[in-house]
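**Student:** Below: one structure in structure tokens.
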Amino acid sequence: MMKGYSTLVSIFIAVSLLFVAAHTRALPVNAAESKLVTIKTPRGVKQSFILIRPEKPVASVILFAGSHGVLGLKSTRKMKWGTNNFLVRSRNLFAAQNLMVAVVDAPSDKQAKMNAKFRMSPAHAGDIAAVANYLKGQANVPVWLVGTSMGTFSAAGGAISSRGINGLVLTSTVTRARSKWNIAKSHPHGVASMPLQKVAMPSLIVSHRKDGCVITPASDAGKLRSRLKRAPKVKVVVLKGGSKPRAGPCKSLSQHGFLGIEAQAVGAIAEFIRANSR
């Protein structure tokens with residue numbers, strides 16, 4: 001009886017150790033180093049962001065959530081909206097790739113909503129430049145802009161302005177404006193209607209083959225690529241697979257938000273950043 005009991009105890013301990021080891025490896029190593037930062041930008045507004053700083057970052061990434069972009073940050077873990085957003089929920093995966101991370105909220109004067117028009121504005125580009133300048137002060141490494149869905153307007157706008165920015169990553173990019181948007185006539189192709197020919201930095205386009213959102217089809221990746229004429233390196237990555245959607249086709253918990261393949265998507269982004277940072 002004691003021998004059988006001892007065997008069961010040994011098995012239980014072994015399984016427990018395997019469980020702990022597996023989950024320890026899965027934990028983002030830099031999560032404990034995150035903090036909420038608020039700076040004042042040159043135009044006098046407050047800009048808050050979650051900062052995650054690994055010990056030896058190889059580059060920095062500024063992450064822009066989609067939709068209205070208003071996270072309503074109260075702390076590194078408490079926000080009013082955006083917890084499920086692809087980039088927001090993957091922030092520690094970026095940090096685990098030795099990338100310093102800034103997850104940006106909407107500025108203090110846009111806490112109701114950031115629409116596409118503001119995301120493309122010089123005012124927003126100035127706020128982005130202020131965050132990039134802060135990151136350069138933390139570690140003198142290249143700063144990349146990474147946007148998803150509506151956040152691609154912000155990332156592209158910051159790259160076009162190019163103040164302190166070294167690279168651009170567009171994921172689930174908006175390439176078809178909805179007819180009701182106030183930019184429908186001026187930017188019918190969404191981000192592809194922006195002056196992307198001014199982007200003179202390495203650029204990565206990431207899509208999901210089965211992204212069902214009508215404004216971000218993977219088939220438009222070539223359209224984006226053709227407009228990035230001055231970028232020294234442009235790469236298109238189209239991913240597939242993942243988990244069964246838990247929300248609508250334009251929501252984050254679907255192929256639009258790389259559900260179930262977050263690590264693969266972040267890995268592809270980090271690989272491109274490392275290969276094109278200097």
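As shown in the structure tokens, the chain order sets the letters A, B, ...; within each chain, residues go from 1, and ligands are also counted from 1 in the order they appear.
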Can you pull out the residues contacting Ala95 (chain A)? Cut-off 12 Å, using only C-alpha atoms, and skip same-chain residues under 5 positions away; I want them as a PyMOL selection string.
**Tutor:** chain A and resi 27-34+50-63+87-90+100-103+263+266-267+270
**Student:** Hey, what's within 7 Å of Ser172 (chain A) if we count only C-alpha atoms and toss same-chain stuff fewer than 4 positions away? As a PyMOL selection string, please?
**Tutor:** chain A and resi 148-149+206-207+216+256
**Student:** Which is closest to Val199 (chain A) among A:Val45, A:Leu36, A:Ala221, A:Ala159, if we use only C-alpha atoms?
**Tutor:** A:Ala159
**Student:** Out of A:Ser161, A:Thr175, A:Asn182, A:Ser154, which residue has the shortest atom-to-atom distance to Lys223 (chain A) when counting only C-alpha atoms?
**Tutor:**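 Once distances to Lys223 (chain A) are computed over only C-alpha atoms, the minimum belongs to A:Thr175.
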**Student:** Give me the residues near Val131 (chain A) as a ChimeraX atom specification, where near means some atom within 8 Å (using only C-alpha atoms) and where sequence neighbours in that chain fewer than 3 positions away do not count.
**Tutor:** /A:39,47,127-128,134-135
